[in-house]
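Coordinates as given in input-v1.cif (mmCIF, C-alpha atoms):
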data_structure
loop_
_atom_site.label_atom_id
_atom_site.label_comp_id
_atom_site.auth_asym_id
_atom_site.auth_seq_id
_atom_site.Cartn_x
_atom_site.Cartn_y
_atom_site.Cartn_z
CA MET A 1 56.12 105.13 122.29
CA HIS A 2 58.70 106.76 124.47
CA SER A 3 59.58 103.89 126.76
CA PHE A 4 63.12 102.72 127.30
CA GLY A 5 62.49 99.55 125.33
CA TYR A 6 61.39 101.33 122.17
CA ARG A 7 64.23 103.78 122.31
CA ALA A 8 66.85 101.07 122.85
CA ASN A 9 65.38 99.07 119.98
CA ALA A 10 65.40 102.04 117.59
CA LEU A 11 68.96 102.95 118.59
CA LEU A 12 70.24 99.42 118.11
CA THR A 13 68.59 99.00 114.71
CA PHE A 14 69.95 102.33 113.53
CA ALA A 15 73.47 101.52 114.78
CA ILE A 16 73.52 98.16 113.02
CA THR A 17 72.22 99.68 109.78
CA ILE A 18 74.87 102.40 109.83
CA LEU A 19 77.59 99.80 110.54
CA ALA A 20 76.46 97.68 107.62
CA ILE A 21 76.44 100.71 105.31
CA MET A 22 79.95 101.67 106.45
CA CYS A 23 81.26 98.16 105.74
CA ALA A 24 79.70 98.25 102.27
CA MET A 25 81.19 101.69 101.52
CA ALA A 26 84.62 100.53 102.68
CA SER A 27 84.35 97.63 100.28
CA VAL A 28 83.24 99.85 97.38
CA SER A 29 86.19 102.21 97.98
CA ASP A 30 88.51 99.33 97.05
CA ASN A 31 87.28 99.54 93.45
CA PHE A 32 88.89 102.94 92.97
CA ASN A 33 92.38 101.58 93.53
CA SER A 34 94.51 101.42 90.36
CA LEU A 35 96.67 98.34 90.34
CA SER A 36 100.20 98.14 88.96
CA PRO A 37 101.95 95.11 90.42
CA THR A 38 105.13 93.72 88.87
CA SER A 39 106.92 90.44 89.30
CA GLU A 40 109.76 88.39 87.93
CA VAL A 41 110.61 84.76 88.54
CA GLN A 42 113.68 82.81 87.49
CA VAL A 43 114.27 79.11 87.82
CA TRP A 44 117.61 79.28 89.58
CA ASN A 45 118.28 75.56 89.59
CA ILE A 46 116.56 72.26 89.05
CA ASN A 47 117.69 70.28 92.08
CA TRP A 48 116.41 66.89 90.96
CA PHE A 49 113.90 65.44 88.54
CA ARG A 50 112.74 61.84 88.87
CA LYS A 51 109.92 59.41 88.29
CA LYS A 52 108.40 58.20 91.51
CA PRO A 53 107.76 54.49 92.15
CA ASP A 54 104.03 55.04 91.54
CA GLY A 55 104.68 56.41 88.04
CA ASP A 56 104.25 60.16 88.63
CA ASP A 57 106.98 62.66 87.80
CA GLU A 58 108.35 64.85 90.55
CA VAL A 59 110.74 67.79 90.35
CA SER A 60 112.43 69.98 92.94
CA LEU A 61 113.33 73.53 91.92
CA THR A 62 115.06 76.51 93.44
CA LEU A 63 113.37 79.71 92.37
CA ASN A 64 114.32 83.37 92.50
CA ILE A 65 111.09 85.30 93.09
CA SER A 66 110.97 89.10 93.08
CA ALA A 67 107.84 91.24 93.03
CA ASN A 68 106.48 94.65 93.88
CA LEU A 69 102.89 94.42 95.11
CA GLU A 70 102.70 97.74 96.95
CA SER A 71 99.94 99.12 94.71
CA LEU A 72 97.52 96.40 95.84
CA PHE A 73 97.26 97.76 99.37
CA THR A 74 94.47 100.16 100.35
CA TRP A 75 93.33 101.37 103.75
CA ASN A 76 90.80 98.52 103.74
CA THR A 77 93.36 95.76 103.15
CA LYS A 78 94.10 93.30 105.91
CA GLN A 79 96.63 91.17 104.07
CA VAL A 80 97.58 89.97 100.60
CA PHE A 81 97.98 86.23 100.08
CA VAL A 82 100.40 85.56 97.24
CA PHE A 83 101.36 82.25 95.67
CA LEU A 84 103.31 81.01 92.68
CA ALA A 85 101.81 78.20 90.61
CA ALA A 86 103.25 76.19 87.77
CA GLU A 87 100.67 75.78 85.02
CA TYR A 88 100.84 73.38 82.08
CA GLY A 89 98.71 71.00 80.01
CA THR A 90 99.14 67.31 79.36
CA PRO A 91 97.38 64.89 77.00
CA LYS A 92 95.23 63.61 79.85
CA ASN A 93 94.68 66.90 81.73
CA ALA A 94 93.64 70.09 79.96
CA LEU A 95 95.05 72.19 82.79
CA ASN A 96 97.29 71.48 85.76
CA GLN A 97 97.97 74.11 88.39
CA VAL A 98 100.48 73.18 91.08
CA SER A 99 101.23 75.69 93.80
CA LEU A 100 104.98 75.82 94.46
CA TRP A 101 105.23 78.56 97.05
CA ASP A 102 102.91 80.83 98.97
CA GLY A 103 103.25 83.62 101.48
CA ILE A 104 101.27 86.20 103.36
CA ILE A 105 102.07 89.90 103.04
CA PRO A 106 100.68 91.61 106.12
CA SER A 107 101.33 95.22 105.14
CA LYS A 108 102.58 97.55 102.44
CA GLU A 109 106.09 97.67 103.92
CA HIS A 110 106.58 93.97 103.16
CA ALA A 111 105.08 94.12 99.67
CA LYS A 112 108.35 94.54 97.79
CA PHE A 113 110.48 91.43 98.04
CA SER A 114 113.10 89.33 96.31
CA PHE A 115 114.40 86.01 97.55
CA HIS A 116 115.50 82.47 96.73
CA THR A 117 113.45 79.50 97.78
CA THR A 118 113.01 75.84 96.99
CA ASN A 119 109.44 74.85 96.27
CA LYS A 120 107.38 74.74 99.44
CA TYR A 121 104.97 72.16 98.05
CA ARG A 122 105.93 69.12 96.03
CA PHE A 123 105.70 69.54 92.28
CA ILE A 124 104.12 66.22 91.31
CA ASP A 125 102.43 65.49 88.01
CA GLN A 126 99.50 63.12 87.50
CA GLY A 127 101.44 60.83 85.23
CA SER A 128 104.81 61.08 83.57
CA ASN A 129 104.53 64.10 81.30
CA LEU A 130 107.08 66.59 82.57
CA ARG A 131 110.12 65.76 80.44
CA GLY A 132 110.71 68.66 78.06
CA LYS A 133 107.43 70.24 79.14
CA ASN A 134 106.86 73.95 78.56
CA PHE A 135 105.17 75.53 81.53
CA ASN A 136 104.08 78.94 82.81
CA LEU A 137 104.84 80.29 86.24
CA THR A 138 101.93 82.41 87.38
CA LEU A 139 102.06 84.71 90.39
CA HIS A 140 98.54 84.86 91.89
CA TRP A 141 97.48 87.22 94.60
CA HIS A 142 94.38 87.39 96.77
CA VAL A 143 93.62 90.69 98.45
CA MET A 144 91.79 90.03 101.72
CA PRO A 145 90.03 93.14 102.99
CA LYS A 146 89.30 94.23 106.52
CA THR A 147 85.66 93.97 105.46
CA GLY A 148 83.83 93.24 102.20
CA LYS A 149 84.68 91.85 98.82
CA MET A 150 87.91 89.97 98.11
CA PHE A 151 89.88 90.52 94.89
CA ALA A 152 92.14 88.07 93.13
CA ASP A 153 94.28 88.42 90.03
CA LYS A 154 97.51 87.11 88.55
CA ILE A 155 100.55 87.75 86.36
CA VAL A 156 101.41 84.99 83.89
CA MET A 157 105.10 84.50 83.15
CA SER A 158 105.70 82.04 80.36
CA GLY A 159 108.67 80.53 78.66
CA TYR A 160 109.91 78.00 81.21
CA ARG A 161 110.91 74.54 80.10
CA MET A 162 111.55 71.40 82.08
CA LEU A 163 114.65 69.25 81.47
CA GLU A 164 114.47 66.67 78.70
CA ALA A 165 115.69 63.85 80.92
CA TYR A 166 115.58 62.81 84.53
CA ARG A 167 118.39 63.90 86.81
CA MET B 168 58.69 94.55 141.04
CA GLY B 169 56.30 96.93 139.32
CA LEU B 170 57.55 95.79 135.88
CA ILE B 171 56.73 92.14 136.60
CA GLY B 172 53.31 93.18 137.98
CA GLU B 173 52.67 95.08 134.71
CA GLN B 174 53.64 92.02 132.64
CA ILE B 175 51.35 89.72 134.61
CA ASP B 176 48.47 92.18 134.25
CA SER B 177 48.99 92.41 130.49
CA ILE B 178 49.05 88.61 130.14
CA LYS B 179 45.78 88.34 132.06
CA SER B 180 44.04 90.90 129.86
CA LEU B 181 44.64 89.02 126.60
CA ASN B 182 41.66 87.80 124.67
CA PHE B 183 41.61 85.11 122.01
CA ARG B 184 41.63 87.43 118.99
CA GLN B 185 44.68 89.31 120.23
CA VAL B 186 46.60 86.08 120.78
CA LEU B 187 45.73 84.98 117.26
CA THR B 188 46.95 88.28 115.82
CA GLN B 189 50.24 87.95 117.72
CA ALA B 190 50.68 84.39 116.47
CA VAL B 191 50.11 85.48 112.87
CA SER B 192 52.62 88.36 113.14
CA LEU B 193 55.18 85.99 114.63
CA GLY B 194 54.54 83.55 111.80
CA MET B 195 55.01 86.36 109.26
CA ILE B 196 58.39 87.29 110.75
CA VAL B 197 59.61 83.71 110.72
CA THR B 198 58.35 83.12 107.18
CA SER B 199 59.95 86.27 105.76
CA ALA B 200 63.28 85.26 107.33
CA LEU B 201 62.91 81.87 105.66
CA ILE B 202 62.07 83.51 102.32
CA ILE B 203 65.19 85.69 102.53
CA TRP B 204 67.35 82.66 103.36
CA LYS B 205 65.99 80.55 100.50
CA GLY B 206 66.23 83.52 98.13
CA LEU B 207 69.92 83.90 99.05
CA MET B 208 70.42 80.20 98.34
CA CYS B 209 68.97 80.69 94.85
CA VAL B 210 70.97 83.85 94.07
CA THR B 211 74.31 82.49 95.20
CA GLY B 212 73.74 78.97 93.88
CA SER B 213 75.06 77.50 97.09
CA GLU B 214 73.41 75.34 99.72
CA SER B 215 74.56 77.57 102.53
CA PRO B 216 75.22 81.08 101.28
CA VAL B 217 76.73 82.24 104.56
CA VAL B 218 79.12 80.23 106.76
CA VAL B 219 80.84 80.99 110.04
CA VAL B 220 84.58 80.36 110.34
CA LEU B 221 85.00 77.85 113.17
CA SER B 222 88.72 77.16 113.33
CA GLY B 223 91.95 79.11 113.14
CA SER B 224 93.31 77.28 110.13
CA MET B 225 93.00 80.29 107.80
CA GLU B 226 94.54 82.89 110.10
CA PRO B 227 95.46 85.68 109.92
CA GLY B 228 93.08 86.14 107.01
CA PHE B 229 89.96 84.64 108.57
CA LYS B 230 89.69 84.39 112.30
CA ARG B 231 87.27 82.28 114.28
CA GLY B 232 83.97 84.11 114.38
CA ASP B 233 84.13 85.77 110.97
CA ILE B 234 81.38 85.08 108.48
CA LEU B 235 81.97 84.34 104.80
CA PHE B 236 79.66 85.01 101.88
CA LEU B 237 79.70 82.19 99.38
CA HIS B 238 78.92 82.05 95.70
CA MET B 239 78.94 79.01 93.43
CA SER B 240 79.09 79.53 89.70
CA LYS B 241 79.71 77.14 86.84
CA ASP B 242 83.22 78.59 86.37
CA PRO B 243 85.94 75.98 86.76
CA ILE B 244 87.75 75.70 90.07
CA ARG B 245 91.16 77.35 89.91
CA ALA B 246 94.14 77.48 92.25
CA GLY B 247 94.01 80.19 94.89
CA GLU B 248 90.26 80.22 95.34
CA ILE B 249 88.97 79.86 98.86
CA VAL B 250 86.41 77.08 98.79
CA VAL B 251 84.02 75.59 101.30
CA PHE B 252 83.70 71.83 101.09
CA ASN B 253 82.16 68.89 102.87
CA VAL B 254 84.10 65.70 103.42
CA ASP B 255 82.05 62.50 103.23
CA GLY B 256 81.22 61.50 106.75
CA ARG B 257 81.89 64.89 108.32
CA GLU B 258 79.01 67.32 108.76
CA ILE B 259 80.97 70.49 109.43
CA PRO B 260 82.05 72.26 106.23
CA ILE B 261 85.70 73.28 105.93
CA VAL B 262 86.93 76.58 104.48
CA HIS B 263 90.38 76.30 102.88
CA ARG B 264 92.33 77.44 99.83
CA VAL B 265 92.87 75.41 96.65
CA ILE B 266 96.57 74.78 96.04
CA LYS B 267 96.55 72.15 93.28
CA VAL B 268 94.20 71.66 90.33
CA HIS B 269 94.24 68.88 87.73
CA GLU B 270 91.47 69.27 85.17
CA ARG B 271 90.69 66.39 82.80
CA GLU B 272 90.86 67.12 79.11
CA ASP B 273 87.96 64.91 78.12
CA THR B 274 85.34 65.15 80.85
CA GLY B 275 86.19 68.49 82.43
CA GLU B 276 86.19 66.72 85.81
CA VAL B 277 88.68 68.18 88.22
CA ASP B 278 90.93 66.91 91.03
CA VAL B 279 91.54 69.52 93.68
CA LEU B 280 93.84 69.64 96.70
CA THR B 281 93.25 72.20 99.46
CA LYS B 282 95.22 73.55 102.40
CA GLY B 283 94.52 75.94 105.22
CA ASP B 284 96.78 79.02 105.10
CA ASN B 285 97.80 78.54 108.72
CA ASN B 286 98.28 74.76 108.51
CA PHE B 287 101.64 73.21 107.88
CA GLY B 288 100.48 70.41 105.60
CA ASP B 289 97.77 69.99 103.02
CA ASP B 290 94.30 68.65 103.73
CA ARG B 291 94.87 64.99 102.76
CA LEU B 292 94.67 64.14 106.47
CA LEU B 293 91.17 65.64 106.60
CA TYR B 294 89.80 63.88 103.56
CA ALA B 295 88.05 60.52 103.83
CA GLN B 296 90.08 57.35 104.15
CA GLY B 297 92.00 56.72 100.94
CA GLN B 298 90.79 59.94 99.31
CA LEU B 299 93.58 61.97 97.71
CA TRP B 300 91.63 64.65 95.86
CA LEU B 301 88.40 66.59 96.10
CA GLN B 302 85.98 66.67 93.19
CA ARG B 303 83.60 69.41 92.17
CA HIS B 304 80.63 67.80 93.87
CA HIS B 305 82.34 68.09 97.25
CA ILE B 306 82.60 71.86 96.93
CA MET B 307 79.70 73.96 98.18
CA GLY B 308 80.86 77.40 97.19
CA ARG B 309 83.64 79.93 96.79
CA ALA B 310 84.17 82.64 99.40
CA VAL B 311 83.70 86.04 97.77
CA GLY B 312 83.38 88.40 100.72
CA PHE B 313 83.53 88.48 104.47
CA LEU B 314 82.48 90.33 107.60
CA PRO B 315 84.58 90.14 110.77
CA TYR B 316 83.30 89.16 114.23
CA VAL B 317 79.61 88.84 113.25
CA GLY B 318 79.70 85.04 113.46
CA TRP B 319 80.44 84.97 117.19
CA VAL B 320 76.67 85.09 117.84
CA THR B 321 76.26 81.73 116.08
CA ILE B 322 79.31 80.20 117.77
CA ILE B 323 78.09 81.19 121.24
CA MET B 324 74.61 79.87 120.53
CA THR B 325 75.97 76.54 119.28
CA GLU B 326 78.47 75.99 122.08
CA LYS B 327 76.27 77.17 124.92
CA PRO B 328 72.73 76.22 123.87
CA ILE B 329 71.31 77.61 127.11
CA ILE B 330 71.82 81.10 125.70
CA LYS B 331 69.80 80.15 122.62
CA TYR B 332 66.89 79.02 124.82
CA ILE B 333 67.06 82.17 126.96
CA LEU B 334 67.03 84.36 123.83
CA ILE B 335 64.08 82.54 122.27
CA GLY B 336 62.20 82.58 125.57
CA ALA B 337 62.77 86.31 125.99
CA LEU B 338 61.73 86.99 122.39
CA GLY B 339 58.58 84.92 122.83
CA LEU B 340 57.70 86.78 126.01
CA LEU B 341 58.30 90.13 124.31
CA VAL B 342 56.01 89.25 121.39
CA ILE B 343 53.21 88.04 123.63
CA THR B 344 53.24 91.02 125.94
CA SER B 345 53.65 93.80 123.39
CA LYS B 346 50.55 95.81 122.74
CA GLU B 347 50.66 95.95 118.96
#

Written as structure tokens, how would this file's structure read?
Amino acid sequence: MHSFGYRANALLTFAITILAIMCAMASVSDNFNSLSPTSEVQVWNINWFRKKPDGDDEVSLTLNISANLESLFTWNTKQVFVFLAAEYGTPKNALNQVSLWDGIIPSKEHAKFSFHTTNKYRFIDQGSNLRGKNFNLTLHWHVMPKTGKMFADKIVMSGYRMLEAYR
Amino acid sequence: MGLIGEQIDSIKSLNFRQVLTQAVSLGMIVTSALIIWKGLMCVTGSESPVVVVLSGSMEPGFKRGDILFLHMSKDPIRAGEIVVFNVDGREIPIVHRVIKVHEREDTGEVDVLTKGDNNFGDDRLLYAQGQLWLQRHHIMGRAVGFLPYVGWVTIIMTEKPIIKYILIGALGLLVITSKE
């Protein structure tokens, strides 16, 4: 009962249990964070808008994205993954979500930003439905913790409208 | 030398009933592990409720050796979710983020495009020949939580199987020679 083997086994089991409990508590502490992120996006320019040879619409935009996501960071946050998606419906598709830009915020110091960018990923529709289309631009974020449960949420900004004709 | 002599003595002194008891306790341990695993599969609704991150394509969020807890619910797949999916013909599941979603009005079927955070391009190169989108049946679960570094045990055991055999051999020896 007092051999080295038993003692090592008991110590190891206890250490692993305590580590697991600490990870769980770190994750639970994230729930007490009150979130107040803000963001604003403007479509600065529509660079071009065409119908591809295969029949799908494609548009290239320059966007002005500014946001303040500092309140999302806790001591248990490793990074925040943020992306901007255009969301709209068409007769064939109830919902389309197309990610236009994404970025990784490694720490609280970088969480307040404002910049211009063209869309990182191609904005292509399934079909030819974008002329005159009203769409929302939604800023999604994904809080990735150092350990435990991940949180995701979004801010929906509506009121954007695509050009009536190709350019 | 004395330790090995002790082990050999204890092996010699075993009788049939003791061996049977040891075998039953070993069987109980293995079975309860299996019950926990299957129970997790039921609770999370996913075929493999825990996966190990094998590549660096989701860095710096998930590094090689982290483990992810999965959950699959009937909720529709939305952009930004981190999903684990199997490509037809590949056996290793891939953990990447959904960047495009097109959901059909009539059937509710969904076309999904994924991309690893640390990759330059989207996953079309990884999909099967001619496949442009993933459908719901390809997706095994959504990642809801993670633990760092714990998956290294599995990676080491898969890449250097000799360690797996040594561990199982040592465990077997320990069970046989313990007095309880």

Exercise for the section: Please write the residues picked by the PyMOL selection byres ((chain B) within 12 of (chain A)) on this file as a PyMOL selection string. Expected result: chain B and resi 225-230+233-238+243-249+264-285+287-289+299-300+309-317+341+345-347

Handout entry: Chain and number of each residue from the PyMOL selection byres ((chain B and resi 239) around 8), as a list in words
Key =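 Selected by the PyMOL selection byres ((chain B and resi 239) around 8) here: Thr211, Gly212, Ser213, Leu237, His238, Ser240, Lys241, Met307, Gly308 and Arg309 of chain B.
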
Exercise for the section: For each of B:Asn182, B:Thr188, B:Asn286, B:Thr321, take the minimum atom-to-atom distance to B:Val217, counting all atoms listed in the file, then give the residue where this is smallest. Expected result: B:Thr321

Completion exercise
Shortest contact to A:Asn47, candidates A:Thr74, A:Asn134, A:Asn119, A:Asn33, atoms counted all atoms listed in the file, goes to A:Asn119

Problem - d(atom CA of A:Leu12, atom CA of B:Leu170) in Å - result: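 Answer for the atom CA of A:Leu12 to atom CA of B:Leu170 separation: 22.1 Å.
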
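Using only C-alpha atoms, the shortest contact distance between B:Asp255 and any of B:Ser192, B:Gln296, B:Ser222, B:Gln174 is found at B:Gln296.
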
Exercise for the section: Report as a ChimeraX atom specification the full result of the PyMOL selection byres ((chain A and resi 118) around 10) when it is applied to this structure. Expected result: /A:43-47,60-64,100-101,116-117,119-122

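A straight line drawn from atom CA of A:Tyr166 to atom CA of A:Glu58 is 9.6 Å long.
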
Problem - Ref. answer, residues at most 6 Å from (102.8, 78.8, 79.4) with only C-alpha atoms, as a list in words - result: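 Taken together, the residues in range are Phe135, Asn136 and Ser158 of chain A.
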
Handout entry: All residues 9 Å or closer to stretch 322-329 of chain B, only C-alpha atoms, same chain fewer than 5 positions away omitted, as a ChimeraX atom specification
Key = /B:219,221,231-232,334

Practice task
Report the distance between atom CA of A:Gly5 and atom CA of B:Leu193 in Å, rounded to one decimal place.
Solution key: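 Atom CA of B:Leu193 lies 18.8 Å from atom CA of A:Gly5.
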
Give the centre and edge lengths of an axis-aligned box, in Å to one decimal, that holds all listed atoms of stretch 104-110 of chain A with 3 Å on each side, as JSON.
{"center_x": 103.6, "center_y": 91.9, "center_z": 104.3, "size_x": 11.9, "size_y": 17.5, "size_z": 9.7}

Handout entry: Shell of 10 Å around B:Gln298, only C-alpha atoms, local chain residues under 4 positions omitted, as a ChimeraX atom specification
Key = /B:254-255,291-294

Would you save the residues of that selection, restricted to C-alpha atoms, as a PDB file, in the frame of the given file?
ATOM      1  CA  VAL B 254      84.100  65.700 103.420  1.00  0.00           C
ATOM      2  CA  ASP B 255      82.050  62.500 103.230  1.00  0.00           C
ATOM      3  CA  ARG B 291      94.870  64.990 102.760  1.00  0.00           C
ATOM      4  CA  LEU B 292      94.670  64.140 106.470  1.00  0.00           C
ATOM      5  CA  LEU B 293      91.170  65.640 106.600  1.00  0.00           C
ATOM      6  CA  TYR B 294      89.800  63.880 103.560  1.00  0.00           C
TER       7      TYR B 294
END

Starting from the block above, write stretch 227-237 of chain B out to a file with all heavy atoms, as a PDB file, in the first residue's frame, please.
ATOM      1  N   PRO B 227      -3.321  29.792 -36.003  1.00  0.00           N
ATOM      2  CA  PRO B 227      -2.883  29.483 -34.657  1.00  0.00           C
ATOM      3  C   PRO B 227      -4.009  29.057 -33.721  1.00  0.00           C
ATOM      4  O   PRO B 227      -3.768  28.882 -32.550  1.00  0.00           O
ATOM      5  CB  PRO B 227      -2.283  30.818 -34.199  1.00  0.00           C
ATOM      6  CG  PRO B 227      -3.044  31.847 -34.927  1.00  0.00           C
ATOM      7  CD  PRO B 227      -3.440  31.246 -36.234  1.00  0.00           C
ATOM      8  N   GLY B 228      -5.189  28.862 -34.196  1.00  0.00           N
ATOM      9  CA  GLY B 228      -6.282  28.467 -33.313  1.00  0.00           C
ATOM     10  C   GLY B 228      -6.115  27.053 -32.783  1.00  0.00           C
ATOM     11  O   GLY B 228      -6.121  26.827 -31.579  1.00  0.00           O
ATOM     12  N   PHE B 229      -5.972  26.100 -33.708  1.00  0.00           N
ATOM     13  CA  PHE B 229      -5.798  24.698 -33.303  1.00  0.00           C
ATOM     14  C   PHE B 229      -4.453  24.248 -33.812  1.00  0.00           C
ATOM     15  O   PHE B 229      -4.181  24.297 -35.010  1.00  0.00           O
ATOM     16  CB  PHE B 229      -6.874  23.809 -33.916  1.00  0.00           C
ATOM     17  CG  PHE B 229      -8.271  24.214 -33.552  1.00  0.00           C
ATOM     18  CD1 PHE B 229      -9.276  24.162 -34.475  1.00  0.00           C
ATOM     19  CD2 PHE B 229      -8.572  24.626 -32.273  1.00  0.00           C
ATOM     20  CE1 PHE B 229     -10.566  24.530 -34.144  1.00  0.00           C
ATOM     21  CE2 PHE B 229      -9.854  24.998 -31.932  1.00  0.00           C
ATOM     22  CZ  PHE B 229     -10.850  24.947 -32.884  1.00  0.00           C
ATOM     23  N   LYS B 230      -3.632  23.770 -32.882  1.00  0.00           N
ATOM     24  CA  LYS B 230      -2.334  23.277 -33.311  1.00  0.00           C
ATOM     25  C   LYS B 230      -2.386  21.762 -33.371  1.00  0.00           C
ATOM     26  O   LYS B 230      -3.238  21.125 -32.783  1.00  0.00           O
ATOM     27  CB  LYS B 230      -1.255  23.724 -32.328  1.00  0.00           C
ATOM     28  CG  LYS B 230      -1.101  25.224 -32.296  1.00  0.00           C
ATOM     29  CD  LYS B 230       0.153  25.620 -31.554  1.00  0.00           C
ATOM     30  CE  LYS B 230       0.523  27.064 -31.729  1.00  0.00           C
ATOM     31  NZ  LYS B 230      -0.567  28.016 -31.669  1.00  0.00           N
ATOM     32  N   ARG B 231      -1.419  21.182 -34.062  1.00  0.00           N
ATOM     33  CA  ARG B 231      -1.315  19.741 -34.135  1.00  0.00           C
ATOM     34  C   ARG B 231      -1.165  19.172 -32.730  1.00  0.00           C
ATOM     35  O   ARG B 231      -0.333  19.614 -31.941  1.00  0.00           O
ATOM     36  CB  ARG B 231      -0.066  19.430 -34.963  1.00  0.00           C
ATOM     37  CG  ARG B 231       0.032  18.023 -35.429  1.00  0.00           C
ATOM     38  CD  ARG B 231       1.126  17.962 -36.493  1.00  0.00           C
ATOM     39  NE  ARG B 231       2.043  16.897 -36.233  1.00  0.00           N
ATOM     40  CZ  ARG B 231       1.874  15.659 -36.647  1.00  0.00           C
ATOM     41  NH1 ARG B 231       0.802  15.349 -37.327  1.00  0.00           N
ATOM     42  NH2 ARG B 231       2.758  14.734 -36.369  1.00  0.00           N
ATOM     43  N   GLY B 232      -2.002  18.201 -32.407  1.00  0.00           N
ATOM     44  CA  GLY B 232      -1.945  17.616 -31.072  1.00  0.00           C
ATOM     45  C   GLY B 232      -3.055  18.078 -30.145  1.00  0.00           C
ATOM     46  O   GLY B 232      -3.191  17.557 -29.038  1.00  0.00           O
ATOM     47  N   ASP B 233      -3.862  19.045 -30.568  1.00  0.00           N
ATOM     48  CA  ASP B 233      -5.000  19.438 -29.737  1.00  0.00           C
ATOM     49  C   ASP B 233      -6.137  18.464 -29.987  1.00  0.00           C
ATOM     50  O   ASP B 233      -6.230  17.874 -31.045  1.00  0.00           O
ATOM     51  CB  ASP B 233      -5.481  20.853 -30.119  1.00  0.00           C
ATOM     52  CG  ASP B 233      -4.433  21.895 -29.811  1.00  0.00           C
ATOM     53  OD1 ASP B 233      -3.527  21.617 -29.006  1.00  0.00           O
ATOM     54  OD2 ASP B 233      -4.530  22.991 -30.386  1.00  0.00           O
ATOM     55  N   ILE B 234      -7.032  18.331 -29.002  1.00  0.00           N
ATOM     56  CA  ILE B 234      -8.207  17.514 -29.269  1.00  0.00           C
ATOM     57  C   ILE B 234      -9.450  18.394 -29.280  1.00  0.00           C
ATOM     58  O   ILE B 234      -9.527  19.398 -28.577  1.00  0.00           O
ATOM     59  CB  ILE B 234      -8.395  16.337 -28.288  1.00  0.00           C
ATOM     60  CG1 ILE B 234      -8.654  16.811 -26.882  1.00  0.00           C
ATOM     61  CG2 ILE B 234      -7.234  15.413 -28.316  1.00  0.00           C
ATOM     62  CD1 ILE B 234      -9.041  15.641 -25.998  1.00  0.00           C
ATOM     63  N   LEU B 235     -10.416  18.025 -30.134  1.00  0.00           N
ATOM     64  CA  LEU B 235     -11.637  18.789 -30.290  1.00  0.00           C
ATOM     65  C   LEU B 235     -12.823  17.958 -29.860  1.00  0.00           C
ATOM     66  O   LEU B 235     -12.914  16.769 -30.192  1.00  0.00           O
ATOM     67  CB  LEU B 235     -11.827  19.167 -31.761  1.00  0.00           C
ATOM     68  CG  LEU B 235     -10.817  20.123 -32.339  1.00  0.00           C
ATOM     69  CD1 LEU B 235     -11.063  20.273 -33.811  1.00  0.00           C
ATOM     70  CD2 LEU B 235     -10.932  21.460 -31.668  1.00  0.00           C
ATOM     71  N   PHE B 236     -13.760  18.597 -29.155  1.00  0.00           N
ATOM     72  CA  PHE B 236     -15.004  17.924 -28.793  1.00  0.00           C
ATOM     73  C   PHE B 236     -16.051  18.290 -29.824  1.00  0.00           C
ATOM     74  O   PHE B 236     -16.261  19.457 -30.123  1.00  0.00           O
ATOM     75  CB  PHE B 236     -15.450  18.366 -27.398  1.00  0.00           C
ATOM     76  CG  PHE B 236     -14.466  18.002 -26.337  1.00  0.00           C
ATOM     77  CD1 PHE B 236     -13.663  18.968 -25.770  1.00  0.00           C
ATOM     78  CD2 PHE B 236     -14.307  16.685 -25.942  1.00  0.00           C
ATOM     79  CE1 PHE B 236     -12.726  18.632 -24.800  1.00  0.00           C
ATOM     80  CE2 PHE B 236     -13.377  16.337 -24.986  1.00  0.00           C
ATOM     81  CZ  PHE B 236     -12.589  17.314 -24.415  1.00  0.00           C
ATOM     82  N   LEU B 237     -16.709  17.279 -30.360  1.00  0.00           N
ATOM     83  CA  LEU B 237     -17.660  17.518 -31.430  1.00  0.00           C
ATOM     84  C   LEU B 237     -19.083  17.363 -30.933  1.00  0.00           C
ATOM     85  O   LEU B 237     -19.356  16.640 -29.997  1.00  0.00           O
ATOM     86  CB  LEU B 237     -17.435  16.518 -32.574  1.00  0.00           C
ATOM     87  CG  LEU B 237     -16.058  16.471 -33.167  1.00  0.00           C
ATOM     88  CD1 LEU B 237     -16.060  15.532 -34.340  1.00  0.00           C
ATOM     89  CD2 LEU B 237     -15.610  17.838 -33.605  1.00  0.00           C
TER      90      LEU B 237
END
